[in-house]
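Chemist: My structure is in work_19.pdb, and what it holds is PDB, C-alpha atoms:
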ATOM      1  CA  MET A   1      83.656 -93.612-167.567
ATOM      2  CA  LYS A   2      86.848 -91.577-168.007
ATOM      3  CA  SER A   3      87.064 -88.398-166.036
ATOM      4  CA  THR A   4      87.468 -84.964-167.613
ATOM      5  CA  ALA A   5      90.815 -84.659-165.894
ATOM      6  CA  TYR A   6      91.975 -87.890-167.486
ATOM      7  CA  LYS A   7      90.944 -86.770-170.970
ATOM      8  CA  SER A   8      92.626 -83.441-170.471
ATOM      9  CA  ALA A   9      95.814 -85.119-169.358
ATOM     10  CA  ILE A  10      95.818 -87.351-172.420
ATOM     11  CA  ALA A  11      95.139 -84.360-174.677
ATOM     12  CA  VAL A  12      98.101 -82.504-173.227
ATOM     13  CA  LEU A  13     100.206 -85.621-173.677
ATOM     14  CA  LEU A  14      99.330 -85.857-177.352
ATOM     15  CA  LEU A  15      99.627 -82.152-178.151
ATOM     16  CA  ALA A  16     102.986 -81.894-176.498
ATOM     17  CA  PHE A  17     104.490 -84.267-178.996
ATOM     18  CA  VAL A  18     103.131 -82.799-182.226
ATOM     19  CA  ILE A  19     106.543 -81.289-182.876
ATOM     20  CA  ALA A  20     108.391 -84.511-182.089
ATOM     21  CA  PRO A  21     109.748 -86.746-184.860
ATOM     22  CA  THR A  22     106.828 -88.776-186.170
ATOM     23  CA  ASN A  23     108.754 -91.953-186.876
ATOM     24  CA  GLY A  24     111.927 -91.523-184.875
ATOM     25  CA  PHE A  25     113.409 -94.251-182.735
ATOM     26  CA  GLY A  26     115.867 -92.115-180.803
ATOM     27  CA  ASP A  27     115.662 -91.403-177.093
ATOM     28  CA  PRO A  28     113.359 -88.383-176.631
ATOM     29  CA  GLY A  29     114.547 -87.963-173.037
ATOM     30  CA  ILE A  30     111.218 -88.969-171.501
ATOM     31  CA  LYS A  31     111.062 -89.955-167.843
ATOM     32  CA  VAL A  32     108.138 -92.021-166.580
ATOM     33  CA  PHE A  33     107.029 -92.212-162.960
ATOM     34  CA  VAL A  34     104.445 -94.611-161.530
ATOM     35  CA  THR A  35     103.004 -93.395-158.224
ATOM     36  CA  GLY A  36     106.130 -91.308-157.736
ATOM     37  CA  VAL A  37     108.623 -94.123-158.511
ATOM     38  CA  GLN A  38     110.721 -93.638-161.627
ATOM     39  CA  ALA A  39     110.650 -96.440-164.198
ATOM     40  CA  ILE A  40     114.135 -97.737-165.036
ATOM     41  CA  PHE A  41     114.321 -98.734-168.717
ATOM     42  CA  ASP A  42     117.179-100.686-170.288
ATOM     43  CA  VAL A  43     115.762 -99.658-173.664
ATOM     44  CA  PRO A  44     114.716 -95.975-173.773
ATOM     45  CA  PRO A  45     111.202 -94.835-174.741
ATOM     46  CA  ALA A  46     110.663 -93.626-178.296
ATOM     47  CA  VAL A  47     108.194 -91.369-180.098
ATOM     48  CA  VAL A  48     106.474 -92.945-183.115
ATOM     49  CA  ASN A  49     103.603 -91.305-184.993
ATOM     50  CA  ASP A  50     103.415 -88.689-182.242
ATOM     51  CA  ARG A  51     102.906 -91.400-179.632
ATOM     52  CA  ILE A  52     105.158 -92.236-176.695
ATOM     53  CA  MET A  53     106.260 -95.855-176.974
ATOM     54  CA  ILE A  54     107.624 -97.448-173.815
ATOM     55  CA  PRO A  55     109.082-100.869-172.899
ATOM     56  CA  VAL A  56     105.718-102.241-171.909
ATOM     57  CA  ARG A  57     106.824-104.948-169.476
ATOM     58  CA  THR A  58     108.450-102.459-167.119
ATOM     59  CA  ILE A  59     105.387-100.226-166.943
ATOM     60  CA  ALA A  60     102.890-103.100-166.818
ATOM     61  CA  GLU A  61     104.658-104.682-163.857
ATOM     62  CA  MET A  62     104.943-101.346-162.066
ATOM     63  CA  LEU A  63     101.173-101.044-162.525
ATOM     64  CA  GLY A  64     100.806-104.437-160.846
ATOM     65  CA  ALA A  65     100.515-106.733-163.865
ATOM     66  CA  THR A  66     102.243-110.033-164.561
ATOM     67  CA  THR A  67     103.931-110.532-167.948
ATOM     68  CA  TYR A  68     103.954-113.616-170.187
ATOM     69  CA  TRP A  69     105.879-113.508-173.493
ATOM     70  CA  ASP A  70     105.368-115.924-176.384
ATOM     71  CA  GLY A  71     108.477-115.487-178.506
ATOM     72  CA  ALA A  72     107.253-117.732-181.308
ATOM     73  CA  LEU A  73     104.062-115.726-181.830
ATOM     74  CA  LYS A  74     105.578-112.432-180.639
ATOM     75  CA  LYS A  75     102.665-111.966-178.247
ATOM     76  CA  ALA A  76     102.829-110.308-174.830
ATOM     77  CA  THR A  77     100.047-111.000-172.330
ATOM     78  CA  PHE A  78      99.629-109.036-169.118
ATOM     79  CA  TYR A  79      97.474-110.118-166.187
ATOM     80  CA  LYS A  80      96.262-107.994-163.317
ATOM     81  CA  GLY A  81      93.393-109.239-161.189
ATOM     82  CA  ASN A  82      90.535-109.996-163.575
ATOM     83  CA  THR A  83      92.071-107.985-166.431
ATOM     84  CA  GLU A  84      94.063-109.483-169.287
ATOM     85  CA  VAL A  85      95.788-107.386-171.959
ATOM     86  CA  LEU A  86      97.100-108.979-175.152
ATOM     87  CA  LEU A  87      99.539-107.225-177.510
ATOM     88  CA  THR A  88     101.179-108.596-180.641
ATOM     89  CA  ALA A  89     104.316-107.064-182.125
ATOM     90  CA  GLY A  90     103.464-105.506-185.488
ATOM     91  CA  SER A  91      99.694-105.557-184.900
ATOM     92  CA  ASP A  92      97.669-102.415-184.232
ATOM     93  CA  THR A  93      95.023-104.417-182.335
ATOM     94  CA  MET A  94      95.030-104.672-178.550
ATOM     95  CA  LEU A  95      92.659-107.057-176.778
ATOM     96  CA  VAL A  96      91.564-106.238-173.234
ATOM     97  CA  THR A  97      89.535-108.816-171.304
ATOM     98  CA  SER A  98      88.008-107.609-168.040
ATOM     99  CA  ASP A  99      85.620-109.725-165.974
ATOM    100  CA  GLY A 100      85.085-111.976-168.990
ATOM    101  CA  VAL A 101      84.226-109.118-171.387
ATOM    102  CA  VAL A 102      86.594-108.749-174.356
ATOM    103  CA  LYS A 103      87.203-105.334-175.892
ATOM    104  CA  GLN A 104      89.241-104.698-179.024
ATOM    105  CA  SER A 105      91.168-101.441-179.353
ATOM    106  CA  LYS A 106      93.024 -99.988-182.333
ATOM    107  CA  LEU A 107      96.471 -98.627-181.554
ATOM    108  CA  ASP A 108      97.793 -95.529-183.308
ATOM    109  CA  SER A 109     101.194 -97.198-183.470
ATOM    110  CA  PRO A 110     101.636-100.995-183.320
ATOM    111  CA  PRO A 111     104.022-102.476-180.753
ATOM    112  CA  PHE A 112     107.494-103.316-182.005
ATOM    113  CA  ILE A 113     110.550-105.133-180.698
ATOM    114  CA  LYS A 114     113.758-103.227-180.063
ATOM    115  CA  ASP A 115     116.839-104.724-178.425
ATOM    116  CA  GLY A 116     114.795-107.588-177.055
ATOM    117  CA  ARG A 117     112.046-105.412-175.538
ATOM    118  CA  VAL A 118     108.477-104.829-176.706
ATOM    119  CA  LEU A 119     107.619-101.130-176.989
ATOM    120  CA  ALA A 120     103.952-100.145-176.998
ATOM    121  CA  PRO A 121     101.932 -96.912-176.707
ATOM    122  CA  LEU A 122     102.080 -95.566-173.168
ATOM    123  CA  ARG A 123      98.567 -94.130-173.279
ATOM    124  CA  ALA A 124      97.028 -97.443-174.322
ATOM    125  CA  ILE A 125      98.747 -99.373-171.552
ATOM    126  CA  ALA A 126      97.799 -96.792-168.922
ATOM    127  CA  GLU A 127      94.182 -96.856-170.079
ATOM    128  CA  ALA A 128      94.036-100.652-170.104
ATOM    129  CA  PHE A 129      95.090-100.778-166.459
ATOM    130  CA  ASP A 130      92.935 -97.850-165.305
ATOM    131  CA  ALA A 131      95.820 -95.470-164.667
ATOM    132  CA  THR A 132      95.607 -91.716-165.198
ATOM    133  CA  VAL A 133      98.323 -89.888-167.117
ATOM    134  CA  GLU A 134      99.857 -86.461-166.491
ATOM    135  CA  PHE A 135     102.537 -84.978-168.709
ATOM    136  CA  GLU A 136     104.909 -82.179-167.715
ATOM    137  CA  ALA A 137     105.932 -80.678-171.051
ATOM    138  CA  THR A 138     108.735 -78.518-169.648
ATOM    139  CA  SER A 139     110.576 -81.497-168.166
ATOM    140  CA  ASN A 140     109.425 -84.341-170.443
ATOM    141  CA  VAL A 141     108.105 -86.203-167.395
ATOM    142  CA  VAL A 142     105.096 -88.528-167.558
ATOM    143  CA  ARG A 143     103.354 -89.494-164.319
ATOM    144  CA  LEU A 144     101.044 -92.486-164.074
ATOM    145  CA  THR A 145      98.667 -92.935-161.154
ATOM    146  CA  PRO A 146      96.829 -96.270-160.777
ATOM    147  CA  ALA A 147      93.127 -96.113-159.950
ATOM    148  CA  THR A 148      93.747 -98.014-156.719
ATOM    149  CA  ALA A 149      96.357 -97.480-154.033
ATOM    150  CA  GLU A 150      96.861-101.250-153.889
ATOM    151  CA  ARG A 151      99.103-102.987-156.389
ATOM    152  CA  THR A 152     100.389-106.509-156.877
ATOM    153  CA  ALA A 153     102.595-108.440-159.283
ATOM    154  CA  SER A 154     103.632-112.092-159.587
ATOM    155  CA  PHE A 155     106.593-113.881-161.129
ATOM    156  CA  HIS A 156     107.401-117.511-161.891
ATOM    157  CA  GLN A 157     110.420-119.300-163.300
ATOM    158  CA  SER A 158     111.420-122.948-163.559
ATOM    159  CA  THR A 159     114.663-124.623-164.563
ATOM    160  CA  ILE A 160     116.460-127.910-164.343
ATOM    161  CA  ALA A 161     119.590-126.180-163.034
ATOM    162  CA  VAL A 162     120.458-126.756-159.399
ATOM    163  CA  GLN A 163     122.544-124.990-156.821
ATOM    164  CA  ALA A 164     123.539-125.965-153.280
ATOM    165  CA  THR A 165     121.152-127.750-150.905
ATOM    166  CA  PRO A 166     118.817-125.403-148.997
ATOM    167  CA  THR A 167     118.370-125.473-145.270
ATOM    168  CA  PRO A 168     114.621-125.409-144.632
ATOM    169  CA  VAL A 169     112.892-124.376-141.438
ATOM    170  CA  PRO A 170     109.514-125.872-140.505
ATOM    171  CA  ALA A 171     106.626-123.451-140.766
ATOM    172  CA  THR A 172     104.475-122.673-137.790
ATOM    173  CA  PRO A 173     101.631-125.233-137.717
ATOM    174  CA  ASN A 174      98.340-123.847-138.895
ATOM    175  CA  PRO A 175      94.826-124.848-137.944
ATOM    176  CA  ALA A 176      93.092-126.350-140.936
ATOM    177  CA  SER A 177      89.946-124.608-142.009
ATOM    178  CA  PRO A 178      87.007-126.385-143.668
ATOM    179  CA  ALA A 179      87.379-127.024-147.357
ATOM    180  CA  PRO A 180      84.906-125.144-149.551
ATOM    181  CA  ALA A 181      82.074-127.195-150.958
ATOM    182  CA  ASN A 182      83.181-126.609-154.560
ATOM    183  CA  PRO A 183      86.680-125.136-154.575
ATOM    184  CA  THR A 184      87.628-123.639-157.896
ATOM    185  CA  SER A 185      90.227-125.707-159.662
ATOM    186  CA  GLN A 186      93.387-123.599-159.842
ATOM    187  CA  PRO A 187      96.134-123.935-162.440
ATOM    188  CA  THR A 188      99.645-124.735-161.274
ATOM    189  CA  PRO A 189     102.872-123.864-163.097
ATOM    190  CA  THR A 190     104.440-126.672-165.114
ATOM    191  CA  LEU A 191     107.702-127.474-163.397
ATOM    192  CA  PRO A 192     110.078-130.387-163.980
ATOM    193  CA  PRO A 193     109.513-133.092-161.363
ATOM    194  CA  SER A 194     112.236-133.382-158.769
ATOM    195  CA  PRO A 195     112.476-134.619-155.201
ATOM    196  CA  SER A 196     111.988-132.098-152.432
ATOM    197  CA  PRO A 197     115.280-131.035-150.812
ATOM    198  CA  GLU A 198     116.004-132.892-147.608
ATOM    199  CA  PRO A 199     116.591-130.756-144.527
ATOM    200  CA  THR A 200     120.008-131.084-142.972
ATOM    201  CA  THR A 201     119.469-128.877-139.931
ATOM    202  CA  THR A 202     116.610-126.853-138.531
ATOM    203  CA  PRO A 203     117.896-123.369-137.611
ATOM    204  CA  GLN A 204     115.429-120.612-136.862
ATOM    205  CA  PRO A 205     114.653-118.021-139.565
ATOM    206  CA  SER A 206     116.811-114.933-139.657
ATOM    207  CA  PRO A 207     115.129-112.316-137.485
ATOM    208  CA  SER A 208     113.079-109.591-139.111
ATOM    209  CA  PRO A 209     112.377-106.246-137.405
ATOM    210  CA  SER A 210     110.118-107.040-134.466
ATOM    211  CA  SER A 211     107.413-104.704-135.749
ATOM    212  CA  PHE A 212     107.145-106.753-138.953
ATOM    213  CA  GLN A 213     107.815-110.295-137.741
ATOM    214  CA  SER A 214     104.289-110.886-136.483
ATOM    215  CA  LEU A 215     102.900-109.614-139.804
ATOM    216  CA  ALA A 216     105.160-111.982-141.729
ATOM    217  CA  ASP A 217     104.158-114.894-139.497
ATOM    218  CA  GLU A 218     100.498-114.131-140.122
ATOM    219  CA  VAL A 219     101.003-114.053-143.898
ATOM    220  CA  VAL A 220     102.597-117.508-143.643
ATOM    221  CA  ARG A 221      99.679-118.770-141.557
ATOM    222  CA  LEU A 222      97.047-117.385-143.922
ATOM    223  CA  THR A 223      98.895-118.654-146.991
ATOM    224  CA  ASN A 224      99.085-122.147-145.576
ATOM    225  CA  GLU A 225      95.464-121.931-144.507
ATOM    226  CA  GLU A 226      94.510-121.346-148.144
ATOM    227  CA  ARG A 227      96.642-124.302-149.239
ATOM    228  CA  VAL A 228      95.038-126.598-146.681
ATOM    229  CA  ARG A 229      91.585-125.541-147.885
ATOM    230  CA  TYR A 230      92.529-126.852-151.333
ATOM    231  CA  GLY A 231      94.035-130.089-150.044
ATOM    232  CA  LEU A 232      97.663-128.969-150.380
ATOM    233  CA  LYS A 233     100.511-129.383-147.912
ATOM    234  CA  PRO A 234     101.562-126.297-145.915
ATOM    235  CA  LEU A 235     104.774-124.606-147.009
ATOM    236  CA  GLN A 236     107.801-124.611-144.731
ATOM    237  CA  VAL A 237     109.507-121.350-143.820
ATOM    238  CA  HIS A 238     113.050-121.205-145.211
ATOM    239  CA  SER A 239     115.562-118.981-143.436
ATOM    240  CA  GLY A 240     117.386-117.992-146.629
ATOM    241  CA  LEU A 241     114.136-117.091-148.365
ATOM    242  CA  GLN A 242     113.136-114.988-145.365
ATOM    243  CA  ASP A 243     116.223-112.822-145.872
ATOM    244  CA  ILE A 244     115.595-112.586-149.615
ATOM    245  CA  ALA A 245     111.909-111.738-149.176
ATOM    246  CA  MET A 246     112.750-108.961-146.718
ATOM    247  CA  GLN A 247     115.281-107.548-149.190
ATOM    248  CA  ARG A 248     112.756-107.691-152.036
ATOM    249  CA  ALA A 249     110.069-105.938-149.967
ATOM    250  CA  ALA A 250     112.550-103.135-149.228
ATOM    251  CA  GLU A 251     113.614-102.905-152.892
ATOM    252  CA  CYS A 252     109.976-102.519-153.972
ATOM    253  CA  ILE A 253     109.810 -99.161-152.181
ATOM    254  CA  ASP A 254     112.062 -97.648-154.867
ATOM    255  CA  LEU A 255     111.103 -99.891-157.793
ATOM    256  CA  PHE A 256     107.885-101.883-157.646
ATOM    257  CA  ALA A 257     108.628-104.545-160.234
ATOM    258  CA  HIS A 258     110.056-108.039-160.484
ATOM    259  CA  GLU A 259     112.980-106.653-162.461
ATOM    260  CA  ARG A 260     115.400-105.095-159.986
ATOM    261  CA  LYS A 261     117.386-101.921-160.580
ATOM    262  CA  ASP A 262     120.369-103.880-161.908
ATOM    263  CA  GLY A 263     118.135-105.784-164.349
ATOM    264  CA  SER A 264     118.190-109.054-162.391
ATOM    265  CA  THR A 265     115.293-110.779-160.628
ATOM    266  CA  VAL A 266     114.759-112.679-157.390
ATOM    267  CA  VAL A 267     116.504-115.612-159.106
ATOM    268  CA  ALA A 268     119.869-113.837-158.702
ATOM    269  CA  LEU A 269     119.289-113.445-154.959
ATOM    270  CA  VAL A 270     118.374-117.106-154.525
ATOM    271  CA  ASN A 271     121.405-118.219-156.531
ATOM    272  CA  GLY A 272     123.583-115.822-154.554
ATOM    273  CA  LYS A 273     122.736-117.690-151.358
ATOM    274  CA  GLY A 274     123.597-121.011-152.978
ATOM    275  CA  ILE A 275     120.065-122.339-152.640
ATOM    276  CA  LYS A 276     119.089-125.375-154.703
ATOM    277  CA  TRP A 277     115.884-124.935-156.677
ATOM    278  CA  THR A 278     113.963-126.200-159.674
ATOM    279  CA  GLY A 279     111.160-123.644-159.491
ATOM    280  CA  ILE A 280     110.910-120.112-158.118
ATOM    281  CA  GLY A 281     107.850-117.922-157.620
ATOM    282  CA  GLU A 282     107.491-114.403-156.285
ATOM    283  CA  ASN A 283     104.419-112.400-155.316
ATOM    284  CA  ILE A 284     104.811-108.729-154.412
ATOM    285  CA  ALA A 285     102.281-106.148-153.316
ATOM    286  CA  TYR A 286     101.928-102.771-151.714
ATOM    287  CA  GLY A 287      99.206-100.633-150.192
ATOM    288  CA  GLN A 288      97.452-103.430-148.305
ATOM    289  CA  LYS A 289      97.282-102.602-144.616
ATOM    290  CA  THR A 290      96.921-106.095-143.121
ATOM    291  CA  PRO A 291      98.091-109.667-143.774
ATOM    292  CA  GLU A 292      94.450-110.655-144.303
ATOM    293  CA  ARG A 293      94.030-108.065-147.042
ATOM    294  CA  VAL A 294      97.247-108.836-148.924
ATOM    295  CA  VAL A 295      96.571-112.583-148.956
ATOM    296  CA  GLN A 296      93.012-111.851-150.097
ATOM    297  CA  VAL A 297      94.090-109.764-153.110
ATOM    298  CA  TRP A 298      96.754-112.315-154.041
ATOM    299  CA  MET A 299      94.170-115.088-153.924
ATOM    300  CA  GLU A 300      91.773-113.046-156.060
ATOM    301  CA  SER A 301      94.391-112.761-158.820
ATOM    302  CA  PRO A 302      94.830-115.894-160.989
ATOM    303  CA  SER A 303      98.572-115.387-161.522
ATOM    304  CA  HIS A 304      99.306-114.846-157.817
ATOM    305  CA  ARG A 305      97.046-117.710-156.811
ATOM    306  CA  VAL A 306      99.088-120.033-159.043
ATOM    307  CA  ASN A 307     102.125-119.428-156.835
ATOM    308  CA  ILE A 308     100.221-119.782-153.559
ATOM    309  CA  LEU A 309      98.418-122.970-154.626
ATOM    310  CA  SER A 310     101.236-124.642-156.561
ATOM    311  CA  ASP A 311     101.614-128.247-155.419
ATOM    312  CA  ARG A 312     105.265-128.141-156.516
ATOM    313  CA  PHE A 313     106.481-125.451-154.124
ATOM    314  CA  ASN A 314     107.794-126.631-150.758
ATOM    315  CA  TYR A 315     109.318-123.581-149.081
ATOM    316  CA  ILE A 316     108.424-119.940-148.553
ATOM    317  CA  GLY A 317     109.880-116.698-147.270
ATOM    318  CA  ILE A 318     107.849-113.613-146.363
ATOM    319  CA  GLY A 319     109.003-110.005-146.446
ATOM    320  CA  VAL A 320     107.205-107.026-144.917
ATOM    321  CA  THR A 321     108.346-103.436-144.602
ATOM    322  CA  ARG A 322     106.858 -99.985-144.567
ATOM    323  CA  SER A 323     107.565 -96.575-146.073
ATOM    324  CA  GLY A 324     105.597 -93.901-144.273
ATOM    325  CA  SER A 325     102.142 -95.377-143.899
ATOM    326  CA  VAL A 326     102.422 -97.697-146.928
ATOM    327  CA  TYR A 327     103.198-101.391-146.404
ATOM    328  CA  TYR A 328     105.193-103.451-148.909
ATOM    329  CA  TRP A 329     104.881-107.237-149.016
ATOM    330  CA  SER A 330     106.690-110.100-150.722
ATOM    331  CA  GLN A 331     106.380-113.866-150.933
ATOM    332  CA  VAL A 332     109.233-115.960-152.335
ATOM    333  CA  PHE A 333     108.582-119.639-153.108
ATOM    334  CA  ILE A 334     110.922-122.431-154.186
ATOM    335  CA  GLN A 335     110.751-126.060-155.096
TER
END
Taking this structure as input, can you express it in the form of structure tokens?
Modeler:
Amino acid sequence: MKSTAYKSAIAVLLLAFVIAPTNGFGDPGIKVFVTGVQAIFDVPPAVVNDRIMIPVRTIAEMLGATTYWDGALKKATFYKGNTEVLLTAGSDTMLVTSDGVVKQSKLDSPPFIKDGRVLAPLRAIAEAFDATVEFEATSNVVRLTPATAERTASFHQSTIAVQATPTPVPATPNPASPAPANPTSQPTPTLPPSPSPEPTTTPQPSPSPSSFQSLADEVVRLTNEERVRYGLKPLQVHSGLQDIAMQRAAECIDLFAHERKDGSTVVALVNGKGIKWTGIGENIAYGQKTPERVVQVWMESPSHRVNILSDRFNYIGIGVTRSGSVYYWSQVFIQ
């Protein structure tokens, strides 16, 4: 049930734009913040039919969703936990599946593609992911607040391109835990087959701040414990990925998304270190207070679980940092 405060906020949002152009595609100067972090758009929001239209991928990922784009069908699918949101460019129908229940919603303005980005109604996306909306009319600022203080997002990319050979570091051995009686069959990303990179040396991982190193080690242990439960080989800790994961955790404090401030992704960081790869995955999260909790919420999300339980990934790096009392986490995987 939506709260009165939520409805009031939406009403203010709608009323404030009655005087705006009804079918304009210019930049209305709107700024969007998610839990206090400003969204960085490479294509500005627009106002269409008195509705704020935003580049939906940016906001969805800041709300903790994973994005999949089907260019042929012009369909964008967003996954967060047990929620799936499906949008089609040019269609005023949005499908939201939550815990197996499908709901169909009519959009006041259908999504459209502009400069390679899908723009969709801000209110509809916020509502689909249980976020409240506040609009400050005097400053044209929209603030979104997720229903939970915990957020996650996952990313996956594969390619046949290769870089330099990585230098892996063996992971800390983990005790195997009993396999579940009927483990759920998990999907794994389709990656081109290639041999695992051969280690040339075995240096120790680059040091993380001492206050975070034990947390990172525990995330590795718990991640590998989950893999062993499903009959998969443990991942090895990779020193270069450790550095990258720590950088990504720190970057998520200012922009919680897979797209970094300069528009690149974790792929640019991996390439920048000259690491050979044929598949890359990234899980990020914030708000979880312990390694046990963050691994739990990742495992409960199908898209994050795909990265953790992929039988193609060989190496991992873990990043942990903190801003105030809020922890930020990252996992970077490669094949």
Chemist: Mind telling me what the PyMOL selection byres ((chain A and resi 217) around 10) catches here, as a PyMOL selection string?
Modeler: chain A and resi 171-172+212-216+218-223+237+291+317-319
Chemist: Would you mind exporting C-alpha atoms of the selected residues as a tab-separated table (two decimals), in the coordinates of the input?
Modeler:
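Listed below is the output, part.tsv:
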chain	number	residue	atom	x	y	z
A	171	ALA	CA	106.63	-123.45	-140.77
A	172	THR	CA	104.48	-122.67	-137.79
A	212	PHE	CA	107.14	-106.75	-138.95
A	213	GLN	CA	107.82	-110.30	-137.74
A	214	SER	CA	104.29	-110.89	-136.48
A	215	LEU	CA	102.90	-109.61	-139.80
A	216	ALA	CA	105.16	-111.98	-141.73
A	218	GLU	CA	100.50	-114.13	-140.12
A	219	VAL	CA	101.00	-114.05	-143.90
A	220	VAL	CA	102.60	-117.51	-143.64
A	221	ARG	CA	99.68	-118.77	-141.56
A	222	LEU	CA	97.05	-117.38	-143.92
A	223	THR	CA	98.90	-118.65	-146.99
A	237	VAL	CA	109.51	-121.35	-143.82
A	291	PRO	CA	98.09	-109.67	-143.77
A	317	GLY	CA	109.88	-116.70	-147.27
A	318	ILE	CA	107.85	-113.61	-146.36
A	319	GLY	CA	109.00	-110.00	-146.45
Chemist: Can you work out the spacing between CA of Asn271 (chain A) and CA of Ala153 (chain A) in Å, to one decimal?
Modeler: 21.4 Å
Chemist: Which residues are close to Asp70 (chain A), i.e. within 12 Å by all atoms listed in the file, leaving aside same-chain residues fewer than 5 positions away? Reply as a list in words.
Modeler: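 Residues near the query, excluding close chain neighbours: Lys75, Ala76, Thr77, Phe78, Leu86, Leu87, Thr88, Ala89 and Val118 of chain A.
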Chemist: Quote the spacing between CA of Asp99 (chain A) and CA of Thr83 (chain A) in Å to one decimal place.
Modeler: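 These two atoms are separated by 6.7 Å.
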Chemist: The PyMOL selection byres ((chain A and resi 30) around 9) on the file shown: which residues, as a ChimeraX atom specification?
Modeler: /A:27-29,31-32,44-46,52,139-142
Chemist: Go ahead and write the selection's residues with C-alpha atoms as a PDB file, keeping the file's coordinate frame.
Modeler:
ATOM      1  CA  ASP A  27     115.662 -91.403-177.093  1.00  0.00           C
ATOM      2  CA  PRO A  28     113.359 -88.383-176.631  1.00  0.00           C
ATOM      3  CA  GLY A  29     114.547 -87.963-173.037  1.00  0.00           C
ATOM      4  CA  LYS A  31     111.062 -89.955-167.843  1.00  0.00           C
ATOM      5  CA  VAL A  32     108.138 -92.021-166.580  1.00  0.00           C
ATOM      6  CA  PRO A  44     114.716 -95.975-173.773  1.00  0.00           C
ATOM      7  CA  PRO A  45     111.202 -94.835-174.741  1.00  0.00           C
ATOM      8  CA  ALA A  46     110.663 -93.626-178.296  1.00  0.00           C
ATOM      9  CA  ILE A  52     105.158 -92.236-176.695  1.00  0.00           C
ATOM     10  CA  SER A 139     110.576 -81.497-168.166  1.00  0.00           C
ATOM     11  CA  ASN A 140     109.425 -84.341-170.443  1.00  0.00           C
ATOM     12  CA  VAL A 141     108.105 -86.203-167.395  1.00  0.00           C
ATOM     13  CA  VAL A 142     105.096 -88.528-167.558  1.00  0.00           C
TER      14      VAL A 142
END
Chemist: Using only C-alpha atoms, can you tell me which of A:Ser325, A:Ser154, A:Ser105, A:Ser91 comes closest to Ala285 (chain A)?
Modeler: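 Ranking A:Ser325, A:Ser154, A:Ser105, A:Ser91 by distance to Ala285 (chain A), first place goes to A:Ser154.
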Chemist: Convert the output of the PyMOL selection byres ((chain A and resi 60) around 12) on the shown file into explicit residues, formatted as a PyMOL selection string.
Modeler: chain A and resi 34+39+54-59+61-68+76-80+83-87+118-131+144+146+151-154+256-259
Chemist: What is the CA of Asp108 (chain A)-CA of Lys74 (chain A) distance in Å, reported with one decimal?
Modeler: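 Those two atoms sit 18.8 Å apart.
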Chemist: Could you check the closest approach to Thr93 (chain A) for each of A:Gly81, A:Pro111, A:Gly231, A:Pro302 and tell me which residue wins, using only C-alpha atoms?
Modeler: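 Checking each candidate against Thr93 (chain A), we get A:Pro111 as the closest.
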Chemist: Nearest residue to Val270 (chain A) out of A:Gly287, A:Gly36, A:Pro234, A:Gly240, using all atoms listed in the file?
Modeler: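 Among the listed residues, the smallest separation from Val270 (chain A) belongs to A:Gly240.
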Chemist: Env of Arg322 (chain A): 12 Å cut, atoms = all atoms listed in the file, seq-sep filter 5 positions within chain, self excluded. Answer as a list in words.
Modeler: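 My reading of the contact set: Pro209, Ser211, Phe212, Leu215, Met246, Ala249, Ala250, Glu251, Cys252, Ile253, Asp254, Ala285, Tyr286, Gly287, Gln288, Lys289, Thr290, Tyr327, Tyr328, Trp329 and Ser330 of chain A.
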Chemist: Measuring atom to atom with all atoms listed in the file, identify which of A:Gly279, A:Pro110, A:Gly100, A:Gly274 is nearest to Val332 (chain A).
Modeler: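 Checking each candidate against Val332 (chain A), we get A:Gly279 as the closest.
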Chemist: I need every residue sitting at most 12 Å from the point (113.4, -117.8, -147.9) (coordinates as in the file, all atoms listed in the file considered), written as a PyMOL selection string.
Modeler: chain A and resi 166-171+204-207+216+220+235-248+266-267+269-271+273-277+280-282+314-319+330-335
Chemist: Between A:Ser158, A:Gly324, A:Asp42, A:Trp298, which one has atoms that come closest to Thr278 (chain A), using only C-alpha atoms?
Modeler: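 Counting only C-alpha atoms, the residue closest to Thr278 (chain A) is A:Ser158.
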